$ cat protein.txt   # compact mmCIF, N, CA and C atoms
# COMPACT_ATOMS: atom_id res chain seq x y z
N MET V 1 134.61 91.81 112.72
CA MET V 1 133.35 91.11 112.90
C MET V 1 132.21 92.12 112.78
N SER V 2 131.16 91.72 112.14
CA SER V 2 130.00 92.59 112.00
C SER V 2 129.11 92.47 113.23
N LYS V 3 129.01 93.56 113.96
CA LYS V 3 128.16 93.55 115.15
C LYS V 3 126.71 93.29 114.79
N GLN V 4 126.27 93.87 113.65
CA GLN V 4 124.88 93.68 113.22
C GLN V 4 124.59 92.21 112.96
N LEU V 5 125.50 91.51 112.31
CA LEU V 5 125.27 90.08 112.03
C LEU V 5 125.23 89.28 113.33
N LEU V 6 126.13 89.59 114.23
CA LEU V 6 126.14 88.86 115.50
C LEU V 6 124.89 89.18 116.31
N THR V 7 124.43 90.41 116.25
CA THR V 7 123.19 90.80 116.93
C THR V 7 122.01 90.04 116.33
N THR V 8 121.95 89.98 115.00
CA THR V 8 120.87 89.24 114.33
C THR V 8 120.89 87.79 114.76
N PHE V 9 122.08 87.17 114.77
CA PHE V 9 122.19 85.77 115.17
C PHE V 9 121.71 85.60 116.61
N ASP V 10 122.13 86.52 117.49
CA ASP V 10 121.73 86.44 118.90
C ASP V 10 120.22 86.56 119.07
N VAL V 11 119.60 87.50 118.35
CA VAL V 11 118.14 87.68 118.44
C VAL V 11 117.41 86.42 117.97
N LEU V 12 117.84 85.88 116.84
CA LEU V 12 117.20 84.66 116.31
C LEU V 12 117.43 83.47 117.25
N TYR V 13 118.61 83.40 117.82
CA TYR V 13 118.93 82.34 118.78
C TYR V 13 118.02 82.44 120.00
N GLN V 14 117.85 83.68 120.52
CA GLN V 14 116.98 83.88 121.69
C GLN V 14 115.54 83.47 121.40
N ARG V 15 115.07 83.79 120.20
CA ARG V 15 113.70 83.40 119.83
C ARG V 15 113.56 81.88 119.80
N LYS V 16 114.59 81.20 119.33
CA LYS V 16 114.53 79.74 119.18
C LYS V 16 114.78 79.03 120.51
N ILE V 17 115.82 79.45 121.24
CA ILE V 17 116.27 78.73 122.43
C ILE V 17 115.73 79.33 123.72
N GLY V 18 115.55 80.65 123.74
CA GLY V 18 115.07 81.30 124.95
C GLY V 18 116.16 81.85 125.83
N ALA V 19 117.39 81.91 125.32
CA ALA V 19 118.52 82.46 126.09
C ALA V 19 119.47 83.16 125.12
N ARG V 20 120.37 83.98 125.65
CA ARG V 20 121.35 84.68 124.81
C ARG V 20 122.34 83.68 124.22
N TYR V 21 122.84 84.00 123.04
CA TYR V 21 123.86 83.14 122.41
C TYR V 21 125.20 83.36 123.10
N PRO V 22 125.89 82.28 123.52
CA PRO V 22 127.19 82.42 124.18
C PRO V 22 128.29 82.71 123.14
N VAL V 23 128.53 83.97 122.89
CA VAL V 23 129.46 84.40 121.85
C VAL V 23 130.89 84.02 122.19
N ASN V 24 131.58 83.47 121.21
CA ASN V 24 133.02 83.22 121.29
C ASN V 24 133.65 84.20 120.31
N GLY V 25 133.97 85.40 120.78
CA GLY V 25 134.40 86.51 119.95
C GLY V 25 135.35 86.19 118.82
N GLY V 26 136.49 85.59 119.12
CA GLY V 26 137.48 85.31 118.09
C GLY V 26 137.00 84.31 117.06
N LYS V 27 136.49 83.21 117.51
CA LYS V 27 136.02 82.15 116.60
C LYS V 27 134.80 82.60 115.80
N ASP V 28 133.82 83.16 116.48
CA ASP V 28 132.59 83.60 115.81
C ASP V 28 132.89 84.76 114.85
N GLY V 29 133.78 85.65 115.27
CA GLY V 29 134.16 86.76 114.40
C GLY V 29 134.82 86.29 113.12
N ALA V 30 135.69 85.29 113.25
CA ALA V 30 136.37 84.74 112.07
C ALA V 30 135.37 84.06 111.13
N LEU V 31 134.40 83.36 111.70
CA LEU V 31 133.38 82.71 110.87
C LEU V 31 132.58 83.73 110.08
N LEU V 32 132.17 84.80 110.75
CA LEU V 32 131.38 85.83 110.08
C LEU V 32 132.22 86.60 109.05
N LYS V 33 133.47 86.84 109.37
CA LYS V 33 134.35 87.53 108.43
C LYS V 33 134.51 86.71 107.15
N GLY V 34 134.65 85.40 107.30
CA GLY V 34 134.76 84.53 106.14
C GLY V 34 133.49 84.55 105.29
N LEU V 35 132.34 84.56 105.94
CA LEU V 35 131.07 84.61 105.21
C LEU V 35 130.89 85.94 104.49
N ARG V 36 131.32 87.02 105.13
CA ARG V 36 131.18 88.35 104.52
C ARG V 36 132.05 88.51 103.28
N ALA V 37 133.07 87.68 103.17
CA ALA V 37 133.91 87.71 101.97
C ALA V 37 133.17 87.10 100.77
N ILE V 38 132.12 86.33 101.05
CA ILE V 38 131.38 85.63 100.00
C ILE V 38 129.99 86.23 99.78
N TYR V 39 129.29 86.53 100.87
CA TYR V 39 127.89 86.96 100.81
C TYR V 39 127.71 88.36 101.38
N SER V 40 126.65 89.02 100.99
CA SER V 40 126.30 90.32 101.59
C SER V 40 125.71 90.08 102.98
N ASP V 41 125.67 91.13 103.79
CA ASP V 41 125.07 91.01 105.12
C ASP V 41 123.60 90.60 105.03
N MET V 42 122.90 91.13 104.04
CA MET V 42 121.48 90.78 103.89
C MET V 42 121.31 89.30 103.56
N GLU V 43 122.18 88.77 102.71
CA GLU V 43 122.08 87.34 102.39
C GLU V 43 122.39 86.50 103.62
N ILE V 44 123.40 86.88 104.37
CA ILE V 44 123.77 86.12 105.58
C ILE V 44 122.61 86.15 106.58
N GLU V 45 121.98 87.31 106.75
CA GLU V 45 120.84 87.39 107.67
C GLU V 45 119.68 86.53 107.19
N ALA V 46 119.48 86.48 105.89
CA ALA V 46 118.42 85.63 105.34
C ALA V 46 118.72 84.16 105.61
N PHE V 47 119.97 83.78 105.43
CA PHE V 47 120.36 82.39 105.71
C PHE V 47 120.22 82.06 107.19
N MET V 48 120.56 83.03 108.04
CA MET V 48 120.41 82.83 109.49
C MET V 48 118.94 82.59 109.84
N ALA V 49 118.06 83.40 109.26
CA ALA V 49 116.63 83.25 109.53
C ALA V 49 116.15 81.88 109.12
N ALA V 50 116.60 81.43 107.95
CA ALA V 50 116.20 80.10 107.48
C ALA V 50 116.73 79.01 108.40
N TYR V 51 117.98 79.15 108.83
CA TYR V 51 118.62 78.18 109.73
C TYR V 51 117.78 77.96 110.98
N PHE V 52 117.30 79.05 111.57
CA PHE V 52 116.53 78.92 112.80
C PHE V 52 115.10 78.45 112.58
N THR V 53 114.62 78.46 111.36
CA THR V 53 113.27 77.95 111.10
C THR V 53 113.29 76.48 110.69
N MET V 54 114.47 75.97 110.36
CA MET V 54 114.58 74.57 109.94
C MET V 54 114.55 73.67 111.17
N GLU V 55 113.74 72.65 111.12
CA GLU V 55 113.66 71.68 112.22
C GLU V 55 114.53 70.49 111.87
N ASP V 56 115.82 70.67 112.00
CA ASP V 56 116.80 69.65 111.65
C ASP V 56 117.36 69.04 112.93
N PRO V 57 117.35 67.71 113.05
CA PRO V 57 117.85 67.07 114.28
C PRO V 57 119.32 67.40 114.56
N PHE V 58 120.13 67.51 113.52
CA PHE V 58 121.55 67.83 113.72
C PHE V 58 121.71 69.24 114.28
N PHE V 59 120.96 70.20 113.75
CA PHE V 59 121.03 71.57 114.26
C PHE V 59 120.63 71.61 115.73
N ARG V 60 119.57 70.87 116.05
CA ARG V 60 119.07 70.83 117.43
C ARG V 60 120.13 70.24 118.36
N GLU V 61 120.74 69.14 117.95
CA GLU V 61 121.78 68.49 118.77
C GLU V 61 123.01 69.38 118.92
N ALA V 62 123.34 70.16 117.88
CA ALA V 62 124.50 71.05 117.92
C ALA V 62 124.18 72.34 118.67
N GLY V 63 122.94 72.51 119.09
CA GLY V 63 122.56 73.67 119.87
C GLY V 63 122.39 74.93 119.05
N TYR V 64 122.16 74.79 117.75
CA TYR V 64 121.98 75.95 116.86
C TYR V 64 123.13 76.95 117.02
N SER V 65 124.35 76.44 117.02
CA SER V 65 125.52 77.30 117.19
C SER V 65 125.90 77.98 115.88
N LEU V 66 126.70 79.01 115.99
CA LEU V 66 127.19 79.71 114.80
C LEU V 66 128.13 78.79 114.01
N GLY V 67 128.89 77.97 114.70
CA GLY V 67 129.76 77.00 114.03
C GLY V 67 128.97 76.00 113.21
N CYS V 68 127.86 75.53 113.77
CA CYS V 68 126.98 74.61 113.05
C CYS V 68 126.36 75.32 111.84
N PHE V 69 125.96 76.57 112.03
CA PHE V 69 125.39 77.36 110.94
C PHE V 69 126.38 77.42 109.78
N ARG V 70 127.64 77.75 110.09
CA ARG V 70 128.65 77.87 109.03
C ARG V 70 128.92 76.52 108.38
N ALA V 71 129.05 75.49 109.18
CA ALA V 71 129.34 74.15 108.64
C ALA V 71 128.21 73.62 107.77
N CYS V 72 126.98 73.97 108.11
CA CYS V 72 125.82 73.45 107.39
C CYS V 72 125.22 74.47 106.42
N LEU V 73 125.95 75.54 106.13
CA LEU V 73 125.42 76.58 105.26
C LEU V 73 124.97 76.05 103.89
N PRO V 74 125.70 75.14 103.25
CA PRO V 74 125.19 74.62 101.97
C PRO V 74 123.80 73.99 102.10
N LYS V 75 123.56 73.31 103.19
CA LYS V 75 122.25 72.70 103.43
C LYS V 75 121.18 73.78 103.62
N VAL V 76 121.53 74.85 104.33
CA VAL V 76 120.60 75.96 104.56
C VAL V 76 120.28 76.66 103.24
N ILE V 77 121.31 76.89 102.43
CA ILE V 77 121.11 77.54 101.13
C ILE V 77 120.21 76.68 100.24
N ARG V 78 120.46 75.40 100.22
CA ARG V 78 119.62 74.50 99.42
C ARG V 78 118.17 74.56 99.90
N HIS V 79 117.98 74.56 101.22
CA HIS V 79 116.64 74.67 101.80
C HIS V 79 115.96 75.96 101.34
N CYS V 80 116.70 77.07 101.38
CA CYS V 80 116.16 78.37 100.95
C CYS V 80 115.72 78.31 99.49
N HIS V 81 116.58 77.78 98.65
CA HIS V 81 116.26 77.74 97.23
C HIS V 81 115.07 76.82 96.92
N GLU V 82 114.96 75.72 97.66
CA GLU V 82 113.81 74.84 97.47
C GLU V 82 112.52 75.54 97.87
N LYS V 83 112.54 76.22 99.01
CA LYS V 83 111.36 76.94 99.47
C LYS V 83 110.99 78.06 98.50
N LEU V 84 111.99 78.75 98.00
CA LEU V 84 111.73 79.84 97.08
C LEU V 84 111.19 79.35 95.74
N ARG V 85 111.70 78.24 95.29
CA ARG V 85 111.17 77.66 94.05
C ARG V 85 109.70 77.30 94.23
N GLN V 86 109.38 76.73 95.39
CA GLN V 86 108.00 76.37 95.66
C GLN V 86 107.12 77.61 95.70
N ALA V 87 107.63 78.68 96.28
CA ALA V 87 106.86 79.90 96.41
C ALA V 87 106.96 80.79 95.16
N LYS V 88 107.93 80.49 94.31
CA LYS V 88 108.21 81.32 93.12
C LYS V 88 108.36 82.78 93.52
N ALA V 89 109.20 83.00 94.56
CA ALA V 89 109.38 84.35 95.09
C ALA V 89 110.80 84.84 94.82
N ALA V 90 111.04 86.12 95.01
CA ALA V 90 112.37 86.69 94.88
C ALA V 90 113.22 86.21 96.04
N PRO V 91 114.42 85.73 95.79
CA PRO V 91 115.23 85.09 96.82
C PRO V 91 115.42 85.86 98.12
N VAL V 92 116.02 87.00 98.10
CA VAL V 92 116.35 87.66 99.35
C VAL V 92 115.12 88.23 100.04
N SER V 93 114.26 88.92 99.30
CA SER V 93 113.16 89.62 99.95
C SER V 93 112.20 88.70 100.67
N SER V 94 111.92 87.54 100.13
CA SER V 94 110.95 86.68 100.79
C SER V 94 111.49 86.06 102.07
N VAL V 95 112.78 85.78 102.13
CA VAL V 95 113.34 85.20 103.34
C VAL V 95 113.60 86.29 104.37
N LEU V 96 113.98 87.49 103.92
CA LEU V 96 114.28 88.57 104.85
C LEU V 96 113.08 88.99 105.68
N ARG V 97 111.88 88.74 105.20
CA ARG V 97 110.69 89.10 105.97
C ARG V 97 110.68 88.40 107.33
N MET V 98 111.35 87.24 107.41
CA MET V 98 111.42 86.52 108.68
C MET V 98 112.41 87.19 109.63
N VAL V 99 113.45 87.83 109.10
CA VAL V 99 114.52 88.38 109.93
C VAL V 99 114.09 89.67 110.61
N ASN V 100 113.62 90.62 109.84
CA ASN V 100 113.26 91.93 110.36
C ASN V 100 111.86 92.31 109.91
N PRO V 101 110.84 91.75 110.55
CA PRO V 101 109.48 92.03 110.11
C PRO V 101 109.14 93.52 110.08
N ALA V 102 109.75 94.30 110.98
CA ALA V 102 109.46 95.73 111.02
C ALA V 102 109.87 96.42 109.72
N ASP V 103 110.90 95.89 109.06
CA ASP V 103 111.35 96.47 107.79
C ASP V 103 110.27 96.36 106.72
N TRP V 104 109.35 95.44 106.90
CA TRP V 104 108.35 95.17 105.86
C TRP V 104 106.98 95.75 106.18
N GLU V 105 106.87 96.45 107.31
CA GLU V 105 105.58 97.06 107.66
C GLU V 105 105.25 98.17 106.67
N ARG V 106 104.05 98.17 106.20
CA ARG V 106 103.61 99.16 105.21
C ARG V 106 103.26 100.48 105.88
N ASP V 107 103.70 101.55 105.26
CA ASP V 107 103.39 102.90 105.71
C ASP V 107 102.61 103.56 104.57
N PRO V 108 101.36 103.91 104.79
CA PRO V 108 100.55 104.47 103.70
C PRO V 108 101.10 105.79 103.14
N THR V 109 101.96 106.47 103.92
CA THR V 109 102.52 107.73 103.41
C THR V 109 103.78 107.51 102.58
N TRP V 110 104.31 106.30 102.56
CA TRP V 110 105.55 105.99 101.84
C TRP V 110 105.26 105.80 100.35
N ASP V 111 105.97 106.55 99.55
CA ASP V 111 105.90 106.40 98.11
C ASP V 111 107.32 106.08 97.65
N LYS V 112 107.54 104.85 97.23
CA LYS V 112 108.91 104.42 96.96
C LYS V 112 109.60 105.25 95.88
N LYS V 113 108.86 105.66 94.86
CA LYS V 113 109.49 106.45 93.80
C LYS V 113 109.78 107.88 94.24
N ARG V 114 108.96 108.39 95.15
CA ARG V 114 109.15 109.76 95.63
C ARG V 114 110.15 109.81 96.78
N ASP V 115 110.07 108.85 97.70
CA ASP V 115 110.82 108.94 98.95
C ASP V 115 112.14 108.16 98.99
N CYS V 116 112.32 107.20 98.13
CA CYS V 116 113.53 106.36 98.18
C CYS V 116 114.63 106.95 97.29
N PRO V 117 115.79 107.25 97.89
CA PRO V 117 116.89 107.80 97.10
C PRO V 117 117.75 106.73 96.41
N HIS V 118 117.40 105.46 96.57
CA HIS V 118 118.25 104.38 96.06
C HIS V 118 117.84 103.83 94.71
N GLY V 119 116.81 104.36 94.10
CA GLY V 119 116.23 103.81 92.88
C GLY V 119 117.21 103.36 91.83
N GLY V 120 118.02 104.25 91.32
CA GLY V 120 118.94 103.89 90.25
C GLY V 120 120.13 103.09 90.72
N LYS V 121 120.45 103.22 91.99
CA LYS V 121 121.65 102.60 92.55
C LYS V 121 121.57 101.07 92.58
N TYR V 122 120.45 100.54 92.98
CA TYR V 122 120.31 99.10 93.20
C TYR V 122 119.34 98.45 92.24
N GLY V 123 118.96 99.13 91.21
CA GLY V 123 118.07 98.54 90.22
C GLY V 123 116.61 98.55 90.61
N GLY V 124 116.26 99.27 91.63
CA GLY V 124 114.87 99.34 92.06
C GLY V 124 114.75 100.19 93.30
N TYR V 125 113.56 100.51 93.67
CA TYR V 125 113.31 101.34 94.85
C TYR V 125 113.03 100.45 96.05
N CYS V 126 113.35 100.98 97.25
CA CYS V 126 113.04 100.26 98.48
C CYS V 126 111.52 100.18 98.62
N GLU V 127 111.02 99.00 98.91
CA GLU V 127 109.57 98.80 99.00
C GLU V 127 108.94 99.46 100.21
N THR V 128 109.69 99.56 101.31
CA THR V 128 109.14 100.15 102.53
C THR V 128 110.13 101.12 103.14
N ARG V 129 109.63 101.95 104.04
CA ARG V 129 110.50 102.90 104.74
C ARG V 129 111.56 102.16 105.56
N GLY V 130 111.18 101.06 106.20
CA GLY V 130 112.12 100.28 107.00
C GLY V 130 113.28 99.74 106.17
N LEU V 131 112.99 99.24 104.98
CA LEU V 131 114.05 98.75 104.11
C LEU V 131 114.96 99.88 103.66
N CYS V 132 114.38 101.03 103.39
CA CYS V 132 115.16 102.19 102.97
C CYS V 132 116.11 102.63 104.09
N GLN V 133 115.60 102.65 105.31
CA GLN V 133 116.43 103.03 106.45
C GLN V 133 117.53 102.01 106.68
N ARG V 134 117.25 100.73 106.50
CA ARG V 134 118.25 99.68 106.66
C ARG V 134 119.35 99.85 105.60
N THR V 135 118.96 100.15 104.38
CA THR V 135 119.92 100.36 103.30
C THR V 135 120.83 101.54 103.63
N GLU V 136 120.23 102.60 104.14
CA GLU V 136 121.02 103.78 104.54
C GLU V 136 122.06 103.41 105.60
N LYS V 137 121.65 102.66 106.62
CA LYS V 137 122.57 102.26 107.68
C LYS V 137 123.71 101.41 107.14
N GLN V 138 123.38 100.49 106.23
CA GLN V 138 124.42 99.62 105.65
C GLN V 138 125.40 100.44 104.82
N GLU V 139 124.91 101.43 104.10
CA GLU V 139 125.80 102.28 103.30
C GLU V 139 126.72 103.08 104.22
N GLN V 140 126.20 103.56 105.35
CA GLN V 140 127.01 104.35 106.27
C GLN V 140 128.06 103.49 106.96
N SER V 141 127.74 102.23 107.26
CA SER V 141 128.70 101.37 107.95
C SER V 141 129.72 100.75 107.01
N ALA V 142 129.47 100.80 105.71
CA ALA V 142 130.41 100.19 104.75
C ALA V 142 131.64 101.05 104.53

$ encode --input "protein.txt" --output "structure tokens"
Amino acid sequence: MSKQLLTTFDVLYQRKIGARYPVNGGKDGALLKGLRAIYSDMEIEAFMAAYFTMEDPFFREAGYSLGCFRACLPKVIRHCHEKLRQAKAAPVSSVLRMVNPADWERDPTWDKKRDCPHGGKYGGYCETRGLCQRTEKQEQSA
């Protein structure tokens, strides 16, 4: 189970509900492991952020659980794509701003071409220092 993903879910849950998420280690771990086989951690975090911003009666009744998130993921993905089409934005980056706003804070001393070591690796440079640091952490944990 990815601790980072569970932490992200817990933080978003706390913002929405006002209490810690009651983790069911085995079940929740299996759900996240299954998702990680399909999506990157960044995509899953983006979908989590969208899930908690959607005002869906079913999600509310289900208590915004991780099980509900997994079961309704196609609906969340469709919601993301509809919003992105409306905004004509890049899929992951525009939704991720909701998950970790600190990653997107601008630093006037940051020069992505000078300071980011990931340029050729991922097809572009990290836009901010926070994103670069997050990428480094993900590479180290992989």

$ atom_distance --input "protein.txt" --atom1 "CA of Ala71 in chain V" --atom2 "atom C of Ser141 in chain V"
26.7 Å

$ residues_around --input "protein.txt" --residues "Phe47 in chain V" --least-positions-apart "4" --cutoff "8 Å" --atoms "only N, CA and C atoms" --output "list in words"
Asp41, Met42, Glu43, Tyr51, Phe52, Thr53, Phe69, Leu73, Val76, Ile77, Cys80, Val95 and Leu96 of chain V

$ atom_distance --input "protein.txt" --atom1 "CA of Tyr13 in chain V" --atom2 "CA of Asp107 in chain V"
28.9 Å

$ atom_distance --input "protein.txt" --atom1 "CA of Ile44 in chain V" --atom2 "atom C of Cys116 in chain V"
24.2 Å

$ closest_residue --input "protein.txt" --among "V:Ile17, V:Leu66, V:Ala46, V:Met54" --to "Leu32 in chain V" --atoms "all atoms listed in the file"
V:Leu66

$ closest_residue --input "protein.txt" --among "V:Glu45, V:Gly34, V:Asp111, V:Ala50" --to "Leu5 in chain V" --atoms "all atoms listed in the file"
V:Glu45

$ closest_residue --input "protein.txt" --among "V:Gly130, V:Pro108, V:Pro74, V:Gly67" --to "Asp28 in chain V" --atoms "all atoms listed in the file"
V:Gly67

$ residues_around --input "protein.txt" --residues "Ser65 in chain V" --least-positions-apart "3" --cutoff "12 Å" --atoms "only C-alpha atoms" --output "ChimeraX atom specification"
/V:6,9-10,12-14,16-17,20-24,27-28,31,48,51-52,58-62,68-73

$ select_by_dssp --input "protein.txt" --residues "range 26-67 of chain V" --states "alpha helix (DSSP H)" --output "JSON, numbers by chain"
{"V": [26, 27, 28, 29, 30, 31, 32, 33, 34, 35, 36, 41, 42, 43, 44, 45, 46, 47, 48, 49, 50, 51, 52, 53, 57, 58, 59, 60, 61, 66, 67]}

$ residues_around --input "protein.txt" --residues "Glu127 in chain V" --least-positions-apart "4" --cutoff "6.5 Å" --atoms "only N, CA and C atoms" --output "PyMOL selection string"
chain V and resi 112+131-132
